Amino acid sequence: MTLEGRLVLALLEGTVTGCILALTALGLSMVFGVMRIVNVAHGEFFMLGAVSAWYVTSTTSSFGLALIAAPVFVAAVAVLVNWVILRPIRYEPQATIVATIGLLYIIQQVVLSIYGPYARTVAPPFYFRIDFPWFGYSGYKLAVAGLAAALLWAIWRVVSTTTLGLYMRATQQDQEMAQAFGVPVHRIFAVAFALGAALAGLAGALIIPIQPAHYLMGLDALLASFTVVIVGGLGSLGGTLAAAFLIGLSDGIVSVFFSPTLARIVSTALVALVLVVRSGGLFGTESA
Amino acid sequence: MSAKRISRREALKAAGIVVGAGIAGLSPRPPVPSGLRQLVYAAPSGGTPLRIGFQVHRTGIGAVYGRWWERTAAAAATYINEKGGMAGRQVRLVGEDDGTDPARGAIAVEKLASEDKVDLIFGTLFSNVVIGSAPRAGELKIPYLVVSEGYHVASGKMNRYCFQPGITDVRAQLTAISSWIVNNLGRKITLIYPDYAFGYDHRDFWAKGATRLGATVQALIPIPPTETSFTKYFSRIPADTEVLYHVMVGPGVPTFVKELGEYFGSKRPQLFGFIDSLEGVDLASPGLDFLEGTHFWEAFPRYAGGYNTSFERTYRERIGVNASGASVRDPKDVSTYSHMFGVWETLFVIKQTIEQSGYKRPGPKDYRAFIETLERFQTFSEGIGHPQGPKKFVGKIHQAFGQQFISRVDGKKLKVVHKTKIEDSLYSPEADYTKQPL
C-alpha cells in the first residue's frame, strides 16, 4: 500500500478509536471527578450495554430501540448499585475500589450464566462501504465516531451550561461547600454515577455492530479507559477528551506504520511517562 | 458523609490489581461451587463407577468450546452408560473449570488427581492450557488425554502420560490440505494467525509444507488472541497475495471477518480459513456475507449431509445438534461441531483401552497397563465411537490421524468440496514416547 493510503488508514483508525475511547472513558472520569471514587466495574457497564443491546435488537429487531434501552438499563443498574453498595459504604474510596472489583466479577459471571460465553453481533442499522483508492472502510464505523463526537459535545454543554452541570462542577470542587450552598450532593452523586454508566452502556451498544457482545469485553474497555484518564488527568473532562484522541491517533499511526503490538507498548509507556513527569495527568490539576 | 479524597496512586493501584488479574487469566477466578465441581452427568448403577476427570474451559476465552465440550462429553458418557458402561462399570464425569488459563489448568489437574481422586483426566482444548497442564499430569503420573488439535503432543514435548487419540493435530491437517490449496487457490500466500502456540503450529508447518509444494509465503501476520480491532493489521497484507490463509480464535473473530470484508470489498484475494475462526458462530450472522465463495477446512462438516453416514446421524442426534450445526433447543446456540467430536471419540478410546488393558483402579500397575495398551493401538475403526471416520493411531507420538474436509461457503452454509485420505495427513514421527520410563 502506498504511503498516502497508509496515512489515510492510520488517521481513520485513529479518529474512530479516539471517539469510542472518549465516550467509554468519559463516564469513568466523570464519576471520579464528581464522586472522588474509582469505579473498577466501569468496563462491565460497557459490556452490559453491549449485551443488553444485543437482547433488545434480537428480540425487537430494532437497533434504534436498543440504543435507547441499553443505556437506560445500564443507568438503572448503576442507580441500584449506588443505592445498595456505594451509599452503605459511604463512598469510602478504598472500600469502593474493593466493592467495585467485586461488582465487576459479579456482573461478569451473571452475564456468563444468562447470556452465555458467545460472541454475538447484530447488523448495523445502515451499511455502506466507503471505497478509497487503496482500501474500503465501514461507513457505520465513521457514523459511530460522528455520533460519539456529537454526544461528547452534548455532555460538554450539559456540564458547562446547565444547573445540573453547575451542581456537578460545584460538587467536584468542594463537596462540603457545595452542600452548604444547598447542592443536593447525594442526588448529584446518583446522577453522576448513572450518567457515567449510561455513557459506557451507550458506547457498548453502539459498538456491537462492529465488535460482538461478549462477557469478557469489559476488561479491555476498562484498561483503555484507565489509560485515557490517567494520561488526561482523572476527573478532567477536557483532559479525557484530549487524551482519548492523542491515544487513538498514536495507536492508529503506530499500528499502521509499525505494528499494533508496538502501539500498545507506546500507550502503556505514555502512561508511565505521564505518571513520572506530570503525575496529575497532562490536563489534570490534582497531584498524588 | 465521608469526603476522604482518594489519591491517584490508590486509583492506579486498584487499576493495576484488576488489569493484572485480567491479563494473567483473562477472566476472574471465582471459586467453583461444589455442586458444579463434581457434576455427575450420569448416575452410577452397579459396581464402583469409573471417575473420569474432565478439565474444561467453562470460563475465559475458550468458554464457547467448553460449553459444547461439556455437552458432548455428557452425551457420550450417557450413551456409554446406556450400553453397559466401560468394562461393566458406569462412568461418572468430574468436571473442573480451568478458566482457559495455563496456570489454572495445572491446578485443575492437581485437584482432579489428588482431591477428587479420578481414574484419569481428559478433555483439555486450548494449546497453551495443555502445555501448562500436561507437565503436572506427568509428575502426578496420571493418564492425561487432550482434545486440543495442537502439534504439542505429537512433537514429543509433552510426556508419556499425555495422549491425543481423538483428533488429528494441526501439522497433519496442514499436511493433508496444503496441496489442495496450492493447486486450486494460488501460490502466493499470506498467513494471519493467533499469536500463541496454536498459531505458531500453523505458521511453522505452512512455511515448511508450502515451500515444498512450490508456494511462497508472502507475509506472516500474527494477531494477539484478545485483539478486538483488525483493520490496522490488514495494511500489512502484500498487494500480490493470491491466497489469504486465516486462522483466528476467540470472541474477536466475527469482527475480524467483517473488517476483512470492508477492507477488501470485491477485490479480495482467495480466502482459505480454518473453521476454528467461526466455531460457535452462525454463518448467516450479519457481516459474514463476505465469506460467500471462500473455502474452509473442517475436521467434521457442520452441516448435515457433508459426511453422510448413519454413525454421523446418530452422533448428531445424541449430542442434540440440528442439521445446521446449532442446538436443537436454541437455533441461535451454534455448536463447535468441527472439533467437539474429538471429545466423544476420546471417551470411546478410553472405553476401549480400559476394557482391553484390564484397568481397575488408579495406581502405577494399572496405569502402566492402560498406557501400554493405548500405545499399541494402530487403528480405530469407524463406528458410533468414531463417527468422524476411521483413525490411524501412532503410539510412538500418542497421536491420531483422520480424514479432513475442505468446504466452500455456499448460500451461507458450508458445502464439502473435498475430502482427504488419512494417508494424506501422515508425516514421519519426530519423537518416541514409548522409550520414556513410566
# chains A, B, ... in the order shown; residues from 1 in each chain; ligands from 1
>>> residues_around(residues="region 137-141 of chain A", least_positions_apart="3", cutoff="6 Å", atoms="only C-alpha atoms", output="ChimeraX atom specification")
/A:128-130,144 /B:262-263
>>> write_last_selection(atoms="N, CA and C atoms", output="CSV table (one decimal), in the first residue's frame")
chain,number,residue,atom,x,y,z
A,128,PHE,N,-22.9,0.9,4.6
A,128,PHE,CA,-22.3,1.3,3.3
A,128,PHE,C,-20.8,1.2,3.5
A,129,ARG,N,-20.2,1.0,2.3
A,129,ARG,CA,-18.7,0.8,2.4
A,129,ARG,C,-18.1,2.0,1.6
A,130,ILE,N,-17.2,2.7,2.3
A,130,ILE,CA,-16.5,3.8,1.6
A,130,ILE,C,-15.3,3.2,0.9
A,144,VAL,N,-20.4,6.0,13.8
A,144,VAL,CA,-20.3,5.8,15.3
A,144,VAL,C,-19.4,6.9,15.8
B,262,GLU,N,-14.9,-5.4,4.7
B,262,GLU,CA,-14.9,-4.0,4.4
B,262,GLU,C,-13.6,-3.5,3.8
B,263,TYR,N,-12.5,-4.1,4.2
B,263,TYR,CA,-11.2,-3.6,3.7
B,263,TYR,C,-11.1,-4.0,2.2
>>> interface_residues(of="chain A", to="chain B", cutoff="6 Å", atoms="only C-alpha atoms", output="NGL selection string")
:A and (93 or 117-119 or 123 or 135-138 or 211 or 255-256 or 288)
>>> residues_around(residues="Ile265 (chain A)", least_positions_apart="5", cutoff="12 Å", atoms="only C-alpha atoms", output="PyMOL selection string")
chain A and resi 227+247+250-251+254-255+258-260+270-273
>>> residues_around(residues="Phe46 (chain A)", least_positions_apart="5", cutoff="8 Å", atoms="only C-alpha atoms", output="MDAnalysis selection string")
chainID A and resid 24 197 200:205 218 221
>>> write_last_selection(atoms="all heavy atoms", output="PDB file, in the first residue's frame")
ATOM      1  N   THR A  24     -16.166   5.980  26.038  1.00  0.00           N
ATOM      2  CA  THR A  24     -16.057   4.945  27.067  1.00  0.00           C
ATOM      3  C   THR A  24     -15.414   5.494  28.338  1.00  0.00           C
ATOM      4  O   THR A  24     -15.851   5.187  29.444  1.00  0.00           O
ATOM      5  CB  THR A  24     -15.204   3.765  26.540  1.00  0.00           C
ATOM      6  OG1 THR A  24     -15.577   3.506  25.201  1.00  0.00           O
ATOM      7  CG2 THR A  24     -15.406   2.523  27.371  1.00  0.00           C
ATOM      8  N   ALA A 197     -22.377   5.564  33.908  1.00  0.00           N
ATOM      9  CA  ALA A 197     -22.687   4.198  33.484  1.00  0.00           C
ATOM     10  C   ALA A 197     -23.439   4.207  32.157  1.00  0.00           C
ATOM     11  O   ALA A 197     -23.175   3.395  31.271  1.00  0.00           O
ATOM     12  CB  ALA A 197     -23.519   3.504  34.561  1.00  0.00           C
ATOM     13  N   ALA A 200     -21.097   4.656  29.275  1.00  0.00           N
ATOM     14  CA  ALA A 200     -20.393   3.408  28.972  1.00  0.00           C
ATOM     15  C   ALA A 200     -21.353   2.439  28.282  1.00  0.00           C
ATOM     16  O   ALA A 200     -20.990   1.768  27.307  1.00  0.00           O
ATOM     17  CB  ALA A 200     -19.838   2.791  30.245  1.00  0.00           C
ATOM     18  N   GLY A 201     -22.596   2.371  28.788  1.00  0.00           N
ATOM     19  CA  GLY A 201     -23.595   1.468  28.202  1.00  0.00           C
ATOM     20  C   GLY A 201     -23.892   1.836  26.760  1.00  0.00           C
ATOM     21  O   GLY A 201     -24.008   0.965  25.891  1.00  0.00           O
ATOM     22  N   LEU A 202     -23.964   3.126  26.498  1.00  0.00           N
ATOM     23  CA  LEU A 202     -24.248   3.581  25.138  1.00  0.00           C
ATOM     24  C   LEU A 202     -23.081   3.240  24.208  1.00  0.00           C
ATOM     25  O   LEU A 202     -23.280   2.788  23.074  1.00  0.00           O
ATOM     26  CB  LEU A 202     -24.513   5.094  25.137  1.00  0.00           C
ATOM     27  CG  LEU A 202     -24.891   5.690  23.791  1.00  0.00           C
ATOM     28  CD1 LEU A 202     -26.174   5.059  23.264  1.00  0.00           C
ATOM     29  CD2 LEU A 202     -25.088   7.194  23.904  1.00  0.00           C
ATOM     30  N   ALA A 203     -21.864   3.444  24.722  1.00  0.00           N
ATOM     31  CA  ALA A 203     -20.692   3.084  23.914  1.00  0.00           C
ATOM     32  C   ALA A 203     -20.737   1.595  23.582  1.00  0.00           C
ATOM     33  O   ALA A 203     -20.487   1.190  22.440  1.00  0.00           O
ATOM     34  CB  ALA A 203     -19.407   3.434  24.660  1.00  0.00           C
ATOM     35  N   GLY A 204     -21.096   0.770  24.579  1.00  0.00           N
ATOM     36  CA  GLY A 204     -21.193  -0.677  24.355  1.00  0.00           C
ATOM     37  C   GLY A 204     -22.250  -1.010  23.317  1.00  0.00           C
ATOM     38  O   GLY A 204     -22.048  -1.855  22.447  1.00  0.00           O
ATOM     39  N   ALA A 205     -23.400  -0.326  23.399  1.00  0.00           N
ATOM     40  CA  ALA A 205     -24.480  -0.594  22.447  1.00  0.00           C
ATOM     41  C   ALA A 205     -24.075  -0.171  21.037  1.00  0.00           C
ATOM     42  O   ALA A 205     -24.305  -0.896  20.073  1.00  0.00           O
ATOM     43  CB  ALA A 205     -25.740   0.152  22.873  1.00  0.00           C
ATOM     44  N   GLY A 218     -15.566  -6.213  28.786  1.00  0.00           N
ATOM     45  CA  GLY A 218     -15.418  -5.060  29.665  1.00  0.00           C
ATOM     46  C   GLY A 218     -13.997  -4.819  30.115  1.00  0.00           C
ATOM     47  O   GLY A 218     -13.606  -3.687  30.404  1.00  0.00           O
ATOM     48  N   ALA A 221     -12.164  -2.549  27.759  1.00  0.00           N
ATOM     49  CA  ALA A 221     -12.713  -1.200  27.851  1.00  0.00           C
ATOM     50  C   ALA A 221     -12.193  -0.513  29.114  1.00  0.00           C
ATOM     51  O   ALA A 221     -11.845   0.671  29.102  1.00  0.00           O
ATOM     52  CB  ALA A 221     -14.237  -1.262  27.864  1.00  0.00           C
TER      53      ALA A 221
END
>>> residues_around(residues="Asp432 (chain B)", least_positions_apart="2", cutoff="12 Å", atoms="only C-alpha atoms", output="ChimeraX atom specification")
/B:153-160,375,394-399,428-430,434-437
>>> write_last_selection(atoms="C-alpha atoms", output="short mmCIF file (atom, residue, chain, number, x, y, z; two decimals), in the first residue's frame")
data_model
loop_
_atom_site.label_atom_id
_atom_site.label_comp_id
_atom_site.auth_asym_id
_atom_site.auth_seq_id
_atom_site.Cartn_x
_atom_site.Cartn_y
_atom_site.Cartn_z
CA VAL B 153 1.58 -33.87 21.85
CA ALA B 154 2.94 -35.32 18.59
CA SER B 155 6.05 -33.12 18.82
CA GLY B 156 7.31 -35.16 21.77
CA LYS B 157 7.41 -32.13 24.04
CA MET B 158 4.75 -33.43 26.44
CA ASN B 159 5.27 -36.69 28.31
CA ARG B 160 4.38 -40.35 28.30
CA GLU B 375 0.25 -47.14 22.70
CA VAL B 394 0.73 -43.74 16.04
CA GLY B 395 1.66 -44.97 19.52
CA LYS B 396 5.17 -43.51 19.40
CA ILE B 397 3.84 -39.96 19.28
CA HIS B 398 0.49 -40.63 21.03
CA GLN B 399 -1.38 -39.04 18.13
CA SER B 428 7.30 -39.08 9.91
CA PRO B 429 7.27 -39.03 13.71
CA GLU B 430 9.90 -36.87 15.37
CA THR B 434 7.34 -45.28 24.40
CA LYS B 435 11.02 -45.01 25.32
CA GLN B 436 10.27 -42.74 28.27
CA PRO B 437 10.08 -44.50 31.67
#
>>> closest_residue(among="B:Ala172, B:Arg329, B:Val109, B:Tyr151", to="Gly138 (chain B)", atoms="only C-alpha atoms")
B:Val109
>>> residues_around(residues="region 300-316 of chain B", least_positions_apart="6", cutoff="10 Å", atoms="only C-alpha atoms", output="PyMOL selection string")
chain B and resi 72+75-76+79+275+279+322-327+334-342+344+382-389+403-407+413-417+419
>>> atom_distance(atom1="CA of Tyr200 (chain B)", atom2="CA of Gly150 (chain B)")
9.5 Å
>>> select_by_dssp(residues="region 238-414 of chain B", states="alpha helix (DSSP H)", output="MDAnalysis selection string")
chainID B and resid 253:264 310:318 337:357 364:376
>>> atom_distance(atom1="CA of Gly214 (chain B)", atom2="CA of Glu298 (chain B)")
24.2 Å
>>> residues_around(residues="Ala145 (chain A)", least_positions_apart="3", cutoff="6 Å", atoms="only C-alpha atoms", output="PyMOL selection string")
chain A and resi 16+19+142+148
>>> write_last_selection(atoms="N, CA, C and O atoms", output="PDB file, in the first residue's frame")
ATOM      1  N   VAL A  16     -11.511   7.077  14.737  1.00  0.00           N
ATOM      2  CA  VAL A  16     -12.594   6.212  15.222  1.00  0.00           C
ATOM      3  C   VAL A  16     -12.259   5.691  16.619  1.00  0.00           C
ATOM      4  O   VAL A  16     -13.077   5.750  17.542  1.00  0.00           O
ATOM      5  N   CYS A  19     -12.666   8.494  19.221  1.00  0.00           N
ATOM      6  CA  CYS A  19     -14.060   8.826  19.569  1.00  0.00           C
ATOM      7  C   CYS A  19     -14.656   7.779  20.506  1.00  0.00           C
ATOM      8  O   CYS A  19     -15.312   8.110  21.503  1.00  0.00           O
ATOM      9  N   LEU A 142     -17.553   5.098  10.814  1.00  0.00           N
ATOM     10  CA  LEU A 142     -17.411   6.551  10.778  1.00  0.00           C
ATOM     11  C   LEU A 142     -18.629   7.219  11.414  1.00  0.00           C
ATOM     12  O   LEU A 142     -18.513   8.225  12.116  1.00  0.00           O
ATOM     13  N   ALA A 148     -20.505   9.664  18.428  1.00  0.00           N
ATOM     14  CA  ALA A 148     -19.778   9.794  19.692  1.00  0.00           C
ATOM     15  C   ALA A 148     -19.325  11.238  19.879  1.00  0.00           C
ATOM     16  O   ALA A 148     -19.471  11.811  20.972  1.00  0.00           O
TER      17      ALA A 148
END
>>> closest_residue(among="A:Leu249, A:Ile210, A:Val38, A:Met217", to="Val8 (chain A)", atoms="only C-alpha atoms")
A:Leu249
>>> closest_residue(among="A:Ala244, A:Leu275, A:Val72, A:Leu219", to="Ala41 (chain A)", atoms="only C-alpha atoms")
A:Leu219
>>> select_by_dssp(residues="region 99-286 of chain A", states="strand (DSSP E)", output="number ranges by chain")
A: 129-131, 136-138
>>> closest_residue(among="A:Ser58, A:Ser225, A:Thr96, A:Gln172", to="Arg120 (chain A)", atoms="only C-alpha atoms")
A:Ser58
>>> atom_distance(atom1="CA of Arg90 (chain A)", atom2="CA of Asp174 (chain A)")
16.9 Å
>>> decode(residues="region 38-82 of chain A", atoms="C-alpha atoms", output="PDB file, in the first residue's frame")
ATOM      1  CA  VAL A  38     -12.773   4.889  41.171  1.00  0.00           C
ATOM      2  CA  ASN A  39     -15.336   2.623  39.609  1.00  0.00           C
ATOM      3  CA  VAL A  40     -13.422  -0.502  38.694  1.00  0.00           C
ATOM      4  CA  ALA A  41     -16.616  -2.042  37.295  1.00  0.00           C
ATOM      5  CA  HIS A  42     -16.849   0.685  34.641  1.00  0.00           C
ATOM      6  CA  GLY A  43     -15.873  -1.745  31.862  1.00  0.00           C
ATOM      7  CA  GLU A  44     -18.685  -4.060  32.926  1.00  0.00           C
ATOM      8  CA  PHE A  45     -21.201  -1.256  32.362  1.00  0.00           C
ATOM      9  CA  PHE A  46     -19.818  -1.062  28.832  1.00  0.00           C
ATOM     10  CA  MET A  47     -20.272  -4.827  28.465  1.00  0.00           C
ATOM     11  CA  LEU A  48     -23.795  -4.698  29.950  1.00  0.00           C
ATOM     12  CA  GLY A  49     -24.665  -2.037  27.376  1.00  0.00           C
ATOM     13  CA  ALA A  50     -23.456  -4.278  24.566  1.00  0.00           C
ATOM     14  CA  VAL A  51     -25.184  -7.422  25.853  1.00  0.00           C
ATOM     15  CA  SER A  52     -28.492  -5.688  26.592  1.00  0.00           C
ATOM     16  CA  ALA A  53     -28.387  -4.018  23.171  1.00  0.00           C
ATOM     17  CA  TRP A  54     -27.970  -7.463  21.620  1.00  0.00           C
ATOM     18  CA  TYR A  55     -31.009  -8.744  23.530  1.00  0.00           C
ATOM     19  CA  VAL A  56     -33.154  -5.782  22.518  1.00  0.00           C
ATOM     20  CA  THR A  57     -32.055  -5.913  18.876  1.00  0.00           C
ATOM     21  CA  SER A  58     -32.530  -9.649  18.555  1.00  0.00           C
ATOM     22  CA  THR A  59     -35.989  -9.640  20.157  1.00  0.00           C
ATOM     23  CA  THR A  60     -37.401  -6.452  18.600  1.00  0.00           C
ATOM     24  CA  SER A  61     -35.117  -6.208  15.522  1.00  0.00           C
ATOM     25  CA  SER A  62     -34.783  -2.525  16.255  1.00  0.00           C
ATOM     26  CA  PHE A  63     -31.262  -1.308  16.837  1.00  0.00           C
ATOM     27  CA  GLY A  64     -32.573   2.206  17.400  1.00  0.00           C
ATOM     28  CA  LEU A  65     -34.608   0.979  20.357  1.00  0.00           C
ATOM     29  CA  ALA A  66     -31.515  -0.808  21.670  1.00  0.00           C
ATOM     30  CA  LEU A  67     -29.579   2.462  21.598  1.00  0.00           C
ATOM     31  CA  ILE A  68     -32.148   3.946  23.976  1.00  0.00           C
ATOM     32  CA  ALA A  69     -32.944   0.885  26.075  1.00  0.00           C
ATOM     33  CA  ALA A  70     -29.360  -0.234  26.726  1.00  0.00           C
ATOM     34  CA  PRO A  71     -28.087   2.979  28.372  1.00  0.00           C
ATOM     35  CA  VAL A  72     -31.340   3.288  30.324  1.00  0.00           C
ATOM     36  CA  PHE A  73     -30.975  -0.259  31.591  1.00  0.00           C
ATOM     37  CA  VAL A  74     -27.314   0.251  32.491  1.00  0.00           C
ATOM     38  CA  ALA A  75     -28.161   3.524  34.254  1.00  0.00           C
ATOM     39  CA  ALA A  76     -30.840   1.668  36.234  1.00  0.00           C
ATOM     40  CA  VAL A  77     -28.270  -0.939  37.268  1.00  0.00           C
ATOM     41  CA  ALA A  78     -25.947   1.891  38.290  1.00  0.00           C
ATOM     42  CA  VAL A  79     -28.653   3.548  40.393  1.00  0.00           C
ATOM     43  CA  LEU A  80     -29.247   0.225  42.105  1.00  0.00           C
ATOM     44  CA  VAL A  81     -25.515  -0.251  42.673  1.00  0.00           C
ATOM     45  CA  ASN A  82     -25.249   3.259  44.075  1.00  0.00           C
TER      46      ASN A  82
END
